[in-house]
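One file, upload_31.cif, is given below (mmCIF, C-alpha atoms).
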```cif
data_data
#
loop_
_atom_site.group_PDB
_atom_site.id
_atom_site.type_symbol
_atom_site.label_atom_id
_atom_site.label_comp_id
_atom_site.auth_asym_id
_atom_site.auth_seq_id
_atom_site.Cartn_x
_atom_site.Cartn_y
_atom_site.Cartn_z
ATOM 1 C CA MET F 8 -59.311 188.819 91.941
ATOM 2 C CA LYS F 9 -56.462 190.889 93.392
ATOM 3 C CA LYS F 10 -57.206 194.166 95.076
ATOM 4 C CA ALA F 11 -55.297 197.132 93.713
ATOM 5 C CA GLN F 12 -52.937 198.264 96.434
ATOM 6 C CA LYS F 13 -52.443 201.998 96.723
ATOM 7 C CA SER F 14 -48.830 203.042 96.926
ATOM 8 C CA PHE F 15 -47.874 204.666 100.245
ATOM 9 C CA ASN F 16 -45.782 207.289 98.460
ATOM 10 C CA SER F 17 -48.733 208.461 96.371
ATOM 11 C CA THR F 18 -50.627 209.616 99.477
ATOM 12 C CA ILE F 19 -47.872 211.911 100.767
ATOM 13 C CA ASN F 20 -47.954 215.460 99.474
ATOM 14 C CA LYS F 21 -44.647 216.880 98.387
ATOM 15 C CA VAL F 22 -43.364 219.988 100.144
ATOM 16 C CA SER F 23 -42.836 222.967 97.865
ATOM 17 C CA ASN F 24 -39.541 224.882 97.880
ATOM 18 C CA ARG F 25 -41.300 227.781 99.597
ATOM 19 C CA GLN F 26 -42.627 225.478 102.343
ATOM 20 C CA ALA F 27 -39.211 223.866 102.770
ATOM 21 C CA ILE F 28 -37.585 227.287 103.261
ATOM 22 C CA GLU F 29 -40.305 228.245 105.767
ATOM 23 C CA LEU F 30 -39.756 225.036 107.769
ATOM 24 C CA VAL F 31 -35.986 225.588 107.924
ATOM 25 C CA LEU F 32 -36.561 229.180 109.095
ATOM 26 C CA ARG F 33 -38.978 228.026 111.818
ATOM 27 C CA GLN F 34 -36.488 225.418 113.069
ATOM 28 C CA LYS F 35 -33.727 228.053 113.195
ATOM 29 C CA ILE F 36 -35.872 230.544 115.133
ATOM 30 C CA LYS F 37 -37.056 227.822 117.529
ATOM 31 C CA ARG F 38 -33.454 226.770 118.268
ATOM 32 C CA GLU F 39 -32.449 230.415 118.847
ATOM 33 C CA LEU F 40 -35.369 231.040 121.220
ATOM 34 C CA ILE F 41 -34.694 227.829 123.178
ATOM 35 C CA LYS F 42 -31.043 228.814 123.489
ATOM 36 C CA GLU F 43 -31.965 232.341 124.633
ATOM 37 C CA PHE F 44 -34.974 231.608 126.895
ATOM 38 C CA GLY F 45 -34.766 227.895 127.678
ATOM 39 C CA ASP F 46 -37.384 225.279 126.904
ATOM 40 C CA LYS F 47 -40.189 226.901 128.911
ATOM 41 C CA CYS F 48 -43.398 228.373 127.600
ATOM 42 C CA MET F 49 -42.825 232.110 127.084
ATOM 43 C CA THR F 50 -46.480 232.823 127.951
ATOM 44 C CA CYS F 51 -47.089 230.887 131.180
ATOM 45 C CA HIS F 52 -43.393 230.145 131.988
ATOM 46 C CA ASN F 53 -44.125 226.463 132.681
ATOM 47 C CA LYS F 54 -42.279 223.480 131.301
ATOM 48 C CA PRO F 55 -44.279 221.881 128.498
ATOM 49 C CA ASP F 56 -46.090 218.590 129.009
ATOM 50 C CA TRP F 57 -45.550 215.475 126.885
ATOM 51 C CA ARG F 58 -46.756 217.326 123.768
ATOM 52 C CA GLY F 59 -43.657 219.509 123.855
ATOM 53 C CA ILE F 60 -43.148 223.137 123.033
ATOM 54 C CA SER F 61 -44.061 224.761 119.752
ATOM 55 C CA LEU F 62 -43.025 227.826 117.864
ATOM 56 C CA SER F 63 -46.065 230.102 117.712
ATOM 57 C CA HIS F 64 -46.692 233.216 115.686
ATOM 58 C CA ILE F 65 -48.008 236.133 117.752
ATOM 59 C CA VAL F 66 -49.729 237.474 114.639
ATOM 60 C CA PRO F 67 -50.800 234.405 112.650
ATOM 61 C CA LEU F 68 -49.545 234.033 109.086
ATOM 62 C CA SER F 69 -53.197 234.056 107.994
ATOM 63 C CA ARG F 70 -53.531 237.593 109.402
ATOM 64 C CA GLY F 71 -50.406 238.959 107.777
ATOM 65 C CA GLY F 72 -47.842 237.899 110.370
ATOM 66 C CA GLU F 73 -44.374 236.853 109.298
ATOM 67 C CA THR F 74 -41.998 234.174 110.452
ATOM 68 C CA ASP F 75 -39.354 236.218 112.227
ATOM 69 C CA LYS F 76 -38.007 236.438 115.756
ATOM 70 C CA THR F 77 -40.152 239.466 116.696
ATOM 71 C CA ASN F 78 -43.346 237.600 115.779
ATOM 72 C CA ALA F 79 -42.404 234.217 117.250
ATOM 73 C CA ILE F 80 -42.564 232.781 120.757
ATOM 74 C CA LEU F 81 -42.240 229.352 122.331
ATOM 75 C CA GLU F 82 -45.495 228.077 123.760
ATOM 76 C CA CYS F 83 -46.842 225.011 125.484
ATOM 77 C CA TYR F 84 -49.709 223.250 123.763
ATOM 78 C CA PRO F 85 -52.518 224.711 125.964
ATOM 79 C CA ASP F 86 -51.343 228.310 125.416
ATOM 80 C CA HIS F 87 -50.846 227.738 121.700
ATOM 81 C CA GLU F 88 -54.416 226.427 121.438
ATOM 82 C CA LEU F 89 -55.740 229.362 123.488
ATOM 83 C CA TYR F 90 -54.169 232.145 121.414
ATOM 84 C CA GLU F 91 -53.709 230.595 117.969
ATOM 85 C CA LYS F 92 -57.050 231.818 116.615
ATOM 86 C CA HIS F 93 -57.364 234.880 118.874
ATOM 87 C CA PRO F 94 -54.114 236.881 118.865
ATOM 88 C CA GLU F 95 -55.987 239.909 120.197
ATOM 89 C CA ASN F 96 -56.333 238.052 123.523
ATOM 90 C CA ARG F 97 -52.563 237.593 123.922
ATOM 91 C CA PRO F 98 -50.795 239.245 126.864
ATOM 92 C CA LEU F 99 -50.051 242.927 126.237
ATOM 93 C CA TRP F 100 -46.247 242.459 126.077
ATOM 94 C CA GLN F 101 -46.664 240.000 123.210
ATOM 95 C CA GLN F 102 -48.975 242.363 121.327
ATOM 96 C CA ILE F 103 -46.460 245.197 121.756
ATOM 97 C CA GLN F 104 -43.562 242.985 120.637
ATOM 98 C CA ALA F 105 -45.432 242.053 117.461
ATOM 99 C CA GLY F 106 -46.616 245.609 116.789
ATOM 100 C CA ILE F 107 -50.308 244.911 117.349
ATOM 101 C CA LYS F 108 -50.568 247.727 119.926
#
```
As structure tokens, how would this structure be written, given the file I've shared?
Amino acid sequence: MKKAQKSFNSTINKVSNRQAIELVLRQKIKRELIKEFGDKCMTCHNKPDWRGISLSHIVPLSRGGETDKTNAILECYPDHELYEKHPENRPLWQQIQAGIK
């Protein structure tokens, strides 16, 4: 008896048009920030480790933040993990930039 083989393509979720637009916007902002500030973490000012640098939202999307240059920074993985769920603990300049304080 042959086992039914699951198609690889059936396990990949399609990206909606809204998600595709969001991803393009994030890539654009990340390129602009790297060009303007270099490829260092904007929080600790260190070069990222092997995990690279990510575009982080100062105010998370889940808390009403938007994907724009005033709410985005480049962060190393450790800083992203530290502040991702607790934006209120971010450095004061980041909170001011994003309009939290």
- Item | Pick from F:Cys83, F:Ile36, F:Val31, F:Val22 nearest to Pro55 of chain F, counting all atoms listed in the file | F:Cys83
Any chance you could resolve the PyMOL selection byres ((chain F and resi 56) around 12) against this file and give the residues as a PDB file with C-alpha atoms, keeping the file's coordinate frame?
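For reference, out-v7.pdb as written:
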```pdb
ATOM      1  CA  ASP F  46     -37.384 225.279 126.904  1.00  0.00           C
ATOM      2  CA  LYS F  47     -40.189 226.901 128.911  1.00  0.00           C
ATOM      3  CA  CYS F  48     -43.398 228.373 127.600  1.00  0.00           C
ATOM      4  CA  ASN F  53     -44.125 226.463 132.681  1.00  0.00           C
ATOM      5  CA  LYS F  54     -42.279 223.480 131.301  1.00  0.00           C
ATOM      6  CA  PRO F  55     -44.279 221.881 128.498  1.00  0.00           C
ATOM      7  CA  TRP F  57     -45.550 215.475 126.885  1.00  0.00           C
ATOM      8  CA  ARG F  58     -46.756 217.326 123.768  1.00  0.00           C
ATOM      9  CA  GLY F  59     -43.657 219.509 123.855  1.00  0.00           C
ATOM     10  CA  ILE F  60     -43.148 223.137 123.033  1.00  0.00           C
ATOM     11  CA  SER F  61     -44.061 224.761 119.752  1.00  0.00           C
ATOM     12  CA  GLU F  82     -45.495 228.077 123.760  1.00  0.00           C
ATOM     13  CA  CYS F  83     -46.842 225.011 125.484  1.00  0.00           C
ATOM     14  CA  TYR F  84     -49.709 223.250 123.763  1.00  0.00           C
ATOM     15  CA  PRO F  85     -52.518 224.711 125.964  1.00  0.00           C
ATOM     16  CA  ASP F  86     -51.343 228.310 125.416  1.00  0.00           C
TER      17      ASP F  86
END
```
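In this structure, atom CA of Gln26 of chain F sits 25.6 Å away from atom CA of Met49 of chain F.
The spacing separating atom CA of Val66 of chain F from atom CA of Asn20 of chain F amounts to 26.8 Å.
Of the listed residues F:Ser23, F:Gln34, F:Thr74, F:Ser63, the one whose atoms come nearest to Tyr90 of chain F is F:Ser63, with distances taken using only C-alpha atoms.
Note that atom CA of Arg38 of chain F and atom CA of Leu89 of chain F are 23.0 Å apart.
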Could the centre and edge lengths of an axis-aligned box, enclosing all atoms of segment 97-101 of chain F in the file with 8 Å extra on each side, be given in Å to one decimal as AutoDock Vina command-line options?
```
--center_x -49.4 --center_y 240.3 --center_z 125.0 --size_x 22.3 --size_y 21.3 --size_z 19.7
```
Using only C-alpha atoms, give me every residue within 10 Å of (-56.0, 234.3, 121.0) in file coordinates, as a PDB file with C-alpha atoms, keeping the file's coordinate frame.
```pdb
ATOM      1  CA  ILE F  65     -48.008 236.133 117.752  1.00  0.00           C
ATOM      2  CA  VAL F  66     -49.729 237.474 114.639  1.00  0.00           C
ATOM      3  CA  PRO F  67     -50.800 234.405 112.650  1.00  0.00           C
ATOM      4  CA  ASP F  86     -51.343 228.310 125.416  1.00  0.00           C
ATOM      5  CA  HIS F  87     -50.846 227.738 121.700  1.00  0.00           C
ATOM      6  CA  GLU F  88     -54.416 226.427 121.438  1.00  0.00           C
ATOM      7  CA  LEU F  89     -55.740 229.362 123.488  1.00  0.00           C
ATOM      8  CA  TYR F  90     -54.169 232.145 121.414  1.00  0.00           C
ATOM      9  CA  GLU F  91     -53.709 230.595 117.969  1.00  0.00           C
ATOM     10  CA  LYS F  92     -57.050 231.818 116.615  1.00  0.00           C
ATOM     11  CA  HIS F  93     -57.364 234.880 118.874  1.00  0.00           C
ATOM     12  CA  PRO F  94     -54.114 236.881 118.865  1.00  0.00           C
ATOM     13  CA  GLU F  95     -55.987 239.909 120.197  1.00  0.00           C
ATOM     14  CA  ASN F  96     -56.333 238.052 123.523  1.00  0.00           C
ATOM     15  CA  ARG F  97     -52.563 237.593 123.922  1.00  0.00           C
ATOM     16  CA  PRO F  98     -50.795 239.245 126.864  1.00  0.00           C
TER      17      PRO F  98
END
```
- Near Lys76 of chain F, within 9 Å and counting only C-alpha atoms, which residues show up once chain neighbours fewer than 2 positions away are dropped, as number ranges by chain? F: 36-37, 39-40, 74, 78-80
- Counting only C-alpha atoms, the option among F:Glu29, F:Gly72, F:Leu62, F:Ile19 closest to Thr50 of chain F: F:Leu62
